[in-house]
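Participant: coords-v7.txt is reproduced in full below (compact mmCIF, C-alpha atoms and all ligand atoms).
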# COMPACT_ATOMS: atom_id res chain seq x y z
CA MET A 28 22.73 6.48 -2.92
CA PHE A 29 19.04 6.60 -1.93
CA THR A 30 19.03 10.25 -0.83
CA ASP A 31 20.37 11.37 -4.25
CA THR A 32 17.75 9.51 -6.27
CA HIS A 33 15.54 11.45 -8.65
CA ILE A 34 12.00 10.10 -8.11
CA ALA A 35 8.93 10.96 -10.19
CA PHE A 36 5.35 10.31 -9.13
CA VAL A 37 2.64 9.91 -11.74
CA GLY A 38 -0.43 10.74 -9.65
CA GLY A 39 -0.16 12.94 -6.58
CA GLY A 40 -2.99 11.66 -4.37
CA ASN A 41 -3.10 10.04 -0.93
CA MET A 42 -0.54 7.27 -1.41
CA ALA A 43 1.90 9.51 -3.28
CA GLY A 44 1.59 12.10 -0.50
CA SER A 45 2.32 9.54 2.21
CA LEU A 46 5.34 8.15 0.33
CA ILE A 47 6.74 11.63 -0.30
CA GLY A 48 6.33 12.50 3.39
CA GLY A 49 8.21 9.34 4.37
CA LEU A 50 10.99 9.89 1.83
CA LEU A 51 11.62 13.45 2.98
CA HIS A 52 11.64 12.24 6.57
CA GLN A 53 14.36 9.72 5.55
CA GLY A 54 16.55 12.50 4.17
CA LEU A 55 15.66 12.62 0.47
CA ASN A 56 16.00 16.18 -0.79
CA ALA A 57 12.62 17.64 -1.87
CA THR A 58 14.28 18.97 -5.04
CA HIS A 59 14.76 15.35 -6.17
CA ILE A 60 11.01 14.69 -6.12
CA HIS A 61 8.85 15.46 -9.17
CA VAL A 62 5.09 14.94 -9.06
CA ALA A 63 2.57 15.01 -11.90
CA ASP A 64 -1.18 15.17 -11.43
CA PRO A 65 -3.94 16.69 -13.58
CA ASN A 66 -5.45 18.31 -10.50
CA ALA A 67 -3.83 21.75 -9.98
CA SER A 68 -5.18 22.21 -6.45
CA GLN A 69 -3.78 18.80 -5.49
CA LEU A 70 -0.38 19.92 -6.78
CA GLN A 71 -0.58 23.21 -4.91
CA HIS A 72 -1.36 21.29 -1.74
CA LEU A 73 1.73 19.07 -2.31
CA ARG A 74 3.97 22.09 -2.99
CA GLN A 75 2.85 23.79 0.19
CA ARG A 76 3.35 20.64 2.22
CA PHE A 77 6.66 19.46 0.76
CA THR A 78 8.17 22.05 -1.64
CA VAL A 79 8.56 19.36 -4.33
CA HIS A 80 8.51 20.06 -8.11
CA THR A 81 5.03 19.65 -9.59
CA TYR A 82 3.67 19.35 -13.14
CA THR A 83 0.29 18.98 -14.77
CA ASP A 84 1.83 16.84 -17.54
CA ASN A 85 3.33 13.46 -16.72
CA LEU A 86 6.09 13.59 -19.31
CA SER A 87 7.80 16.60 -17.70
CA ALA A 88 7.84 14.83 -14.33
CA VAL A 89 9.38 11.55 -15.55
CA ARG A 90 11.88 13.00 -18.04
CA ASP A 91 15.05 12.60 -15.90
CA ALA A 92 13.73 10.19 -13.29
CA GLN A 93 15.67 7.17 -12.02
CA VAL A 94 12.49 5.88 -10.38
CA VAL A 95 8.95 6.42 -11.67
CA VAL A 96 6.17 5.59 -9.21
CA PHE A 97 2.75 5.09 -10.79
CA ALA A 98 0.37 6.16 -8.00
CA VAL A 99 -2.79 6.45 -10.07
CA LYS A 100 -6.04 4.49 -9.86
CA PRO A 101 -5.92 1.19 -11.80
CA GLN A 102 -8.49 2.31 -14.36
CA VAL A 103 -6.36 5.27 -15.55
CA PHE A 104 -2.98 3.49 -15.44
CA ARG A 105 -2.82 2.50 -19.10
CA ASP A 106 -3.75 5.96 -20.37
CA ALA A 107 -1.25 7.56 -18.01
CA ALA A 108 1.53 5.14 -19.07
CA ARG A 109 1.19 5.02 -22.85
CA PRO A 110 2.33 8.60 -23.65
CA LEU A 111 5.47 8.00 -21.53
CA THR A 112 6.70 4.88 -23.32
CA VAL A 113 9.31 6.47 -25.59
CA THR A 114 10.93 8.44 -22.76
CA LEU A 115 10.88 5.53 -20.34
CA ALA A 116 12.21 3.05 -22.94
CA LYS A 117 15.10 5.45 -23.58
CA ASN A 118 15.96 6.23 -19.93
CA ARG A 119 15.12 2.81 -18.40
CA PRO A 120 14.15 3.99 -14.89
CA LEU A 121 12.88 1.62 -12.24
CA VAL A 122 9.08 1.58 -12.63
CA ILE A 123 7.10 1.09 -9.43
CA SER A 124 3.36 0.44 -9.50
CA ILE A 125 1.15 0.66 -6.45
CA ALA A 126 -2.04 0.30 -8.51
CA ALA A 127 -4.20 -2.45 -7.03
CA GLY A 128 -4.72 -5.51 -9.21
CA ILE A 129 -2.64 -4.58 -12.27
CA PRO A 130 -0.36 -7.49 -13.19
CA GLU A 131 3.26 -6.72 -14.03
CA LYS A 132 2.85 -8.24 -17.51
CA ASN A 133 0.20 -5.63 -18.38
CA ILE A 134 2.43 -2.78 -17.29
CA ARG A 135 5.26 -4.22 -19.37
CA ARG A 136 2.93 -4.56 -22.36
CA TRP A 137 1.62 -1.00 -22.01
CA LEU A 138 5.16 0.38 -21.70
CA GLY A 139 6.25 -1.65 -24.72
CA TYR A 140 9.75 -2.66 -23.56
CA ASP A 141 11.31 -5.03 -21.01
CA ALA A 142 10.87 -2.50 -18.20
CA ALA A 143 12.29 -3.08 -14.72
CA ILE A 144 9.04 -3.18 -12.72
CA VAL A 145 8.36 -3.52 -9.02
CA ARG A 146 4.73 -4.08 -8.15
CA VAL A 147 3.74 -3.11 -4.62
CA VAL A 148 0.69 -3.67 -2.45
CA PRO A 149 0.90 -0.94 0.20
CA ASN A 150 -1.72 -0.08 2.80
CA ILE A 151 -3.24 3.08 4.18
CA PRO A 152 -1.32 3.35 7.52
CA ALA A 153 1.59 4.38 5.26
CA LEU A 154 -0.02 7.81 5.71
CA ILE A 155 1.34 7.87 9.28
CA GLY A 156 4.54 5.93 8.60
CA ALA A 157 3.06 2.64 9.84
CA GLY A 158 2.35 0.94 6.54
CA ALA A 159 2.81 -2.70 5.57
CA ALA A 160 3.81 -3.32 1.96
CA ALA A 161 4.61 -6.41 -0.10
CA LEU A 162 6.87 -6.00 -3.14
CA TYR A 163 7.33 -8.15 -6.22
CA ALA A 164 10.15 -7.49 -8.71
CA ASN A 165 10.24 -8.77 -12.29
CA PRO A 166 13.47 -10.30 -13.65
CA SER A 167 14.57 -7.00 -15.26
CA VAL A 168 14.98 -5.33 -11.84
CA SER A 169 18.64 -5.08 -10.78
CA SER A 170 19.77 -5.70 -7.23
CA ALA A 171 20.51 -1.96 -6.80
CA GLN A 172 16.96 -1.21 -7.95
CA ARG A 173 15.56 -3.78 -5.51
CA THR A 174 17.38 -2.01 -2.69
CA LEU A 175 16.02 1.32 -3.89
CA ALA A 176 12.43 0.02 -4.01
CA LYS A 177 12.70 -1.47 -0.53
CA ASN A 178 14.18 1.77 0.83
CA ILE A 179 11.28 3.76 -0.62
CA PHE A 180 8.62 1.64 1.09
CA GLU A 181 10.56 1.25 4.33
CA ALA A 182 10.36 5.04 4.54
CA VAL A 183 6.67 4.56 5.42
CA GLY A 184 6.70 1.27 7.32
CA LEU A 185 7.36 -2.43 6.78
CA ALA A 186 8.40 -3.63 3.30
CA LEU A 187 8.67 -7.34 2.45
CA TRP A 188 9.62 -9.09 -0.81
CA LEU A 189 7.39 -11.72 -2.35
CA GLY A 190 8.93 -14.15 -4.83
CA ASP A 191 5.67 -15.00 -6.59
CA GLU A 192 3.38 -12.35 -8.06
CA ILE A 193 0.35 -14.62 -7.73
CA LEU A 194 0.49 -14.08 -3.96
CA MET A 195 -0.13 -10.35 -4.37
CA ASP A 196 -3.90 -10.99 -4.37
CA ALA A 197 -3.61 -12.69 -0.96
CA VAL A 198 -1.57 -9.74 0.31
CA THR A 199 -4.29 -7.37 -0.89
CA ALA A 200 -6.81 -9.43 1.12
CA ILE A 201 -4.65 -9.47 4.27
CA SER A 202 -2.75 -6.20 4.65
CA GLY A 203 -4.17 -4.11 1.79
CA SER A 204 -7.75 -4.43 3.04
CA GLY A 205 -6.67 -5.39 6.57
CA PRO A 206 -6.93 -2.00 8.27
CA ALA A 207 -10.69 -2.07 7.56
CA TYR A 208 -11.07 -5.38 9.42
CA PHE A 209 -9.38 -3.93 12.50
CA PHE A 210 -11.47 -0.74 12.24
CA LEU A 211 -14.61 -2.91 12.10
CA LEU A 212 -13.53 -4.83 15.19
CA MET A 213 -12.87 -1.55 17.01
CA GLU A 214 -16.25 -0.23 15.88
CA ILE A 215 -17.98 -3.38 17.20
CA MET A 216 -16.11 -3.28 20.52
CA GLU A 217 -16.93 0.41 20.98
CA ALA A 218 -20.63 -0.19 20.30
CA SER A 219 -20.64 -3.13 22.72
CA ALA A 220 -18.92 -1.01 25.37
CA ARG A 221 -21.64 1.62 25.03
CA GLU A 222 -24.32 -1.11 25.27
CA LEU A 223 -22.66 -2.20 28.51
CA GLY A 224 -23.05 1.34 29.87
CA LEU A 225 -19.69 3.00 29.25
CA PRO A 226 -19.69 6.65 28.14
CA ALA A 227 -18.83 6.98 24.41
CA ASP A 228 -15.53 8.85 24.92
CA ILE A 229 -14.33 6.34 27.52
CA ALA A 230 -15.36 3.44 25.25
CA ARG A 231 -13.41 4.91 22.33
CA GLN A 232 -10.22 5.56 24.29
CA LEU A 233 -10.26 2.15 25.94
CA VAL A 234 -10.78 0.33 22.64
CA GLN A 235 -8.12 2.34 20.79
CA GLN A 236 -5.51 1.89 23.50
CA THR A 237 -6.35 -1.81 23.84
CA ALA A 238 -5.88 -2.34 20.07
CA TYR A 239 -2.62 -0.39 20.17
CA GLY A 240 -1.36 -2.24 23.26
CA ALA A 241 -2.24 -5.66 21.81
CA ALA A 242 -0.48 -4.84 18.51
CA CYS A 243 2.61 -3.54 20.36
CA MET A 244 2.74 -6.69 22.52
CA ALA A 245 2.38 -8.95 19.48
CA LEU A 246 5.19 -7.06 17.72
CA GLU A 247 7.51 -7.14 20.72
CA SER A 248 6.85 -10.67 21.92
CA ARG A 249 8.55 -13.82 20.68
CA ASP A 250 5.27 -15.68 21.25
CA ASP A 251 2.72 -16.16 18.50
CA PRO A 252 -0.78 -14.63 18.86
CA ALA A 253 -2.31 -17.92 20.02
CA ALA A 254 0.21 -18.15 22.88
CA LEU A 255 -0.40 -14.51 23.84
CA ARG A 256 -4.15 -15.14 23.87
CA LYS A 257 -3.73 -18.20 26.10
CA GLN A 258 -1.55 -16.19 28.50
CA VAL A 259 -4.39 -13.71 29.11
CA THR A 260 -7.17 -16.32 29.26
CA SER A 261 -7.64 -17.88 32.71
CA PRO A 262 -9.75 -21.03 32.64
CA GLY A 263 -13.29 -20.18 33.74
CA GLY A 264 -12.54 -16.44 33.72
CA THR A 265 -14.02 -13.41 31.92
CA THR A 266 -11.87 -13.59 28.77
CA ALA A 267 -12.64 -17.31 28.43
CA ALA A 268 -16.37 -16.53 28.63
CA ALA A 269 -16.10 -14.07 25.73
CA LEU A 270 -13.84 -16.27 23.59
CA LYS A 271 -16.20 -19.23 24.04
CA ILE A 272 -19.00 -17.21 22.42
CA LEU A 273 -16.72 -16.05 19.57
CA GLU A 274 -15.56 -19.62 18.86
CA ALA A 275 -19.14 -20.94 19.00
CA GLY A 276 -20.08 -18.25 16.46
CA LYS A 277 -17.41 -19.68 14.14
CA LEU A 278 -15.39 -16.48 13.96
CA ARG A 279 -12.38 -18.31 12.49
CA GLU A 280 -14.39 -19.77 9.61
CA LEU A 281 -16.07 -16.42 9.03
CA PHE A 282 -12.68 -14.70 8.73
CA LEU A 283 -11.31 -17.33 6.36
CA ARG A 284 -14.40 -16.94 4.16
CA ALA A 285 -14.14 -13.13 4.24
CA LEU A 286 -10.44 -13.05 3.39
CA THR A 287 -10.88 -15.67 0.67
CA ALA A 288 -13.65 -13.50 -0.84
CA ALA A 289 -11.29 -10.50 -0.79
CA ARG A 290 -8.51 -12.55 -2.43
CA ASP A 291 -10.91 -13.88 -5.10
CA ARG A 292 -12.20 -10.37 -5.83
CA GLY A 293 -8.57 -9.31 -6.31
CA VAL A 294 -8.08 -12.13 -8.82
CA GLU A 295 -11.27 -11.05 -10.68
CA LEU A 296 -10.08 -7.45 -10.84
CA SER A 297 -6.61 -8.53 -12.03
CA ASN A 298 -8.23 -10.59 -14.80
CA GLU A 299 -10.36 -7.60 -15.79
CA PHE A 300 -7.28 -5.38 -16.05
CA GLY A 301 -5.39 -8.24 -17.69
CA LYS A 302 -7.65 -8.64 -20.73
CA GLU A 303 -5.86 -8.35 -24.06
CA GLY A 304 -6.41 -4.90 -25.48
CA SER A 305 -7.19 -3.40 -22.07
N1 LIG B 401 -5.25 4.39 -0.58
C1 LIG B 401 -5.01 3.10 -0.27
O1 LIG B 401 -5.32 2.59 0.81
C2 LIG B 401 -4.31 2.22 -1.22
C3 LIG B 401 -3.83 1.00 -0.75
C4 LIG B 401 -3.18 0.17 -1.64
C5 LIG B 401 -3.02 0.56 -2.96
N2 LIG B 401 -3.53 1.75 -3.39
C6 LIG B 401 -3.38 2.10 -4.78
O2 LIG B 401 -2.66 3.32 -4.89
C7 LIG B 401 -3.09 4.00 -6.06
C8 LIG B 401 -3.35 5.43 -5.70
O3 LIG B 401 -4.33 5.46 -4.68
P1 LIG B 401 -4.66 6.80 -3.91
O4 LIG B 401 -5.50 6.43 -2.76
O5 LIG B 401 -3.42 7.60 -3.70
O6 LIG B 401 -5.57 7.52 -5.03
P2 LIG B 401 -5.88 9.09 -5.21
O7 LIG B 401 -5.78 9.77 -3.90
O8 LIG B 401 -7.15 9.17 -5.98
O9 LIG B 401 -4.65 9.58 -6.12
C9 LIG B 401 -4.57 9.34 -7.50
C10 LIG B 401 -4.21 10.68 -8.15
O10 LIG B 401 -3.92 10.45 -9.52
C11 LIG B 401 -4.46 11.53 -10.26
N3 LIG B 401 -4.62 11.17 -11.66
C12 LIG B 401 -5.74 10.78 -12.36
N4 LIG B 401 -5.46 10.56 -13.64
C13 LIG B 401 -4.12 10.80 -13.80
C14 LIG B 401 -3.22 10.74 -14.90
N5 LIG B 401 -3.63 10.35 -16.13
N6 LIG B 401 -1.94 11.06 -14.71
C15 LIG B 401 -1.49 11.44 -13.49
N7 LIG B 401 -2.29 11.51 -12.40
C16 LIG B 401 -3.59 11.19 -12.54
C17 LIG B 401 -5.79 11.78 -9.56
O11 LIG B 401 -6.31 13.03 -9.91
P3 LIG B 401 -7.93 13.21 -9.88
O12 LIG B 401 -8.34 13.05 -8.48
O13 LIG B 401 -8.13 14.58 -10.43
O14 LIG B 401 -8.47 12.11 -10.78
C18 LIG B 401 -5.35 11.70 -8.10
O15 LIG B 401 -4.88 12.94 -7.63
C19 LIG B 401 -4.32 3.27 -6.58
O16 LIG B 401 -4.00 2.54 -7.75
C20 LIG B 401 -4.71 2.32 -5.49
O17 LIG B 401 -5.18 1.11 -6.02
C21 LIG B 401 -4.14 2.61 -2.54
Step by step, read the file and then write its structure as structure tokens.
Facilitator:
Amino acid sequence: MFTDTHIAFVGGGNMAGSLIGGLLHQGLNATHIHVADPNASQLQHLRQRFTVHTYTDNLSAVRDAQVVVFAVKPQVFRDAARPLTVTLAKNRPLVISIAAGIPEKNIRRWLGYDAAIVRVVPNIPALIGAGAAALYANPSVSSAQRTLAKNIFEAVGLALWLGDEILMDAVTAISGSGPAYFFLLMEIMEASARELGLPADIARQLVQQTAYGAACMALESRDDPAALRKQVTSPGGTTAAALKILEAGKLRELFLRALTAARDRGVELSNEFGKEGS
């Protein structure tokens, strides 16, 4: 049963904090959550916010865990994992990694046994319960563990399974980095609104609500985005005038190039973390 699961977090930063908030909101008892982080003030902050158990050593946090979530930066993952190998190999918890770019095979190698591993690409709106995450499970993950992993990420938003780990780099480019693309668009629209004479506070509110409204409509509608766009674009009208400029500026090609660059950078980083001996 999800709400009885003993979950340990190795790393108690932003993503761990958002997941813990979501899990408590879904009914998990705070006493079932154990968090390790070297930063004592970070742990104090988590205790005050959530009344979870906290530790400055990782081993104490993972000792009795059924699920161990590695929520550390990719460059410290190996050093955080290695001292835990004996305990994890004995207890066989579900291991979840949210570290960007670290292939499952590396985690398995660092842990030194055929660990049940779910690799996840989450995104930052998880902080407010509106995240989008893609999950990949290796063959050692049981169906009960798959359900558990999905439940954990659904506590902070959308969670979707991917059958092929290679697609995780594309997910990083789309939804992992995606919030920044929408923030940039909002930034550009706000600046343009000010150029067109609108007061800054009015520009901000109109842009934010328009982004929110468009996203809500896209989520609620059965129509795809192209159909929705056509519905609000009268021939010869104002929207058509703007879209004509965007198309002439090759916005579509620009986006494809940008997202491909993000995907390729993800592949480069994975290869860096994937080197033998790393
Ligand atoms: N934030 C995002 O938008 C996002 C999106 C997708 C994926 N991710 C992934 O999520 C992971 C965590 O990101 P985050 O934003 O939550 O990072 P964060 O806020 O920096 O949290 C990481 C925490 O781990 C602690 N830590 C460092 N070394 C450790 C060790 N050996 N053992 C245990 N804890 C250790 C850090 O402490 P110190 O600060 O003292 O070093 C920090 O408190 C990263 O791998 C990132 O790639 C993040």
Participant: Let me have all residues with an atom within 7 Å of ligand LIG 401 (chain B), counting all atoms listed in the file, laid out as a list in words.
Facilitator: Val37, Gly38, Gly39, Gly40, Asn41, Met42, Ala43, Ala63, Asp64, Pro65, Asn66, Gln69, Asn85, Ala98, Val99, Lys100, Pro101, Val103, Phe104, Asp106, Ala107, Ile125, Ala126, Ala127, Val148, Pro149, Asn150, Ile151 and Gly203 of chain A
Participant: Taking all atoms listed in the file into account, which of A:Glu131, A:Glu192, A:Asp31, A:Asp141 comes nearest Leu115 (chain A)?
Facilitator: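 Ranking A:Glu131, A:Glu192, A:Asp31, A:Asp141 by distance to Leu115 (chain A), first place goes to A:Asp141.
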Participant: Quick check, in Å to one decimal: how far apart do CA of Leu138 (chain A) and CA of Ala88 (chain A) lie?
Facilitator: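 Atom-to-atom, CA of Leu138 (chain A) and CA of Ala88 (chain A) are spaced 16.4 Å apart.
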Participant: Suppose you want the space between CA of Leu46 (chain A) and CA of Lys132 (chain A); what is it in Å?
Facilitator: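 Distance reported for this atom pair: 24.4 Å.
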Participant: Provide the CA of Tyr163 (chain A) to CA of Ala245 (chain A) distance in Å, to one decimal place.
Facilitator: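 Here the two named atoms are 26.2 Å from each other.
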Participant: For Thr78 (chain A), which residue out of A:Ile60, A:Leu281, A:Lys271, A:Pro110 is the nearest one, using all atoms listed in the file?
Facilitator: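 Distance minimum relative to Thr78 (chain A) lands on A:Ile60.
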Participant: Which is closest to Phe180 (chain A) among A:Glu299, A:Val95, A:Gly49, A:Arg135, if we use all atoms listed in the file?
Facilitator: A:Gly49
Participant: Between A:Arg119, A:Arg90, A:Arg136, A:His80, which is the closest to Arg105 (chain A) once you count only C-alpha atoms?
Facilitator: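 Closest to Arg105 (chain A), using only C-alpha atoms: A:Arg136.
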Participant: So, counting all atoms listed in the file, which residue among A:Leu194, A:Leu121, A:Val183, A:Leu225 is closest to Gly44 (chain A)?
Facilitator: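 Of the candidates, the smallest distance to Gly44 (chain A) is held by A:Val183.
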Participant: Kindly indicate which residue among A:Ala288, A:Ala220, A:Leu73, A:Ala269 lies nearest to Ile201 (chain A), using only C-alpha atoms for the distances.
Facilitator: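 Result for the nearest residue to Ile201 (chain A): A:Ala288.
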Participant: Around (6.1, -8.6, -10.1), as given in the file, which residues come within 9 Å? Count only C-alpha atoms and list them as a list of chain:residue names.
Facilitator: A:Pro130, A:Glu131, A:Lys132, A:Ile144, A:Val145, A:Arg146, A:Val147, A:Leu162, A:Tyr163, A:Ala164, A:Asn165, A:Pro166, A:Leu189, A:Gly190, A:Asp191, A:Glu192, A:Ile193, A:Met195
Participant: Which polymer residues, protein or nucleic acid, are no farther than 12 Å from (-14.1, -2.6, 17.7), counting all atoms listed in the file, as a list in words?
Facilitator: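 Answer for this query, in the requested form: Pro206, Ala207, Tyr208, Phe209, Phe210, Leu211, Leu212, Met213, Glu214, Ile215, Met216, Glu217, Ala218, Ser219, Ala220, Arg221, Ala230, Arg231, Gln232, Leu233, Val234, Gln235, Gln236, Thr237, Ala238 and Tyr239 of chain A.
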Participant: Would you put the residues from that selection into a file with C-alpha atoms, as a tab-separated table (two decimals), in the coordinates of the input?
Facilitator:
chain	number	residue	atom	x	y	z
A	206	PRO	CA	-6.93	-2.00	8.27
A	207	ALA	CA	-10.69	-2.07	7.56
A	208	TYR	CA	-11.07	-5.38	9.42
A	209	PHE	CA	-9.38	-3.93	12.50
A	210	PHE	CA	-11.47	-0.74	12.24
A	211	LEU	CA	-14.61	-2.91	12.10
A	212	LEU	CA	-13.53	-4.83	15.19
A	213	MET	CA	-12.87	-1.55	17.01
A	214	GLU	CA	-16.25	-0.23	15.88
A	215	ILE	CA	-17.98	-3.38	17.20
A	216	MET	CA	-16.11	-3.28	20.52
A	217	GLU	CA	-16.93	0.41	20.98
A	218	ALA	CA	-20.63	-0.19	20.30
A	219	SER	CA	-20.64	-3.13	22.72
A	220	ALA	CA	-18.92	-1.01	25.37
A	221	ARG	CA	-21.64	1.62	25.03
A	230	ALA	CA	-15.36	3.44	25.25
A	231	ARG	CA	-13.41	4.91	22.33
A	232	GLN	CA	-10.22	5.56	24.29
A	233	LEU	CA	-10.26	2.15	25.94
A	234	VAL	CA	-10.78	0.33	22.64
A	235	GLN	CA	-8.12	2.34	20.79
A	236	GLN	CA	-5.51	1.89	23.50
A	237	THR	CA	-6.35	-1.81	23.84
A	238	ALA	CA	-5.88	-2.34	20.07
A	239	TYR	CA	-2.62	-0.39	20.17
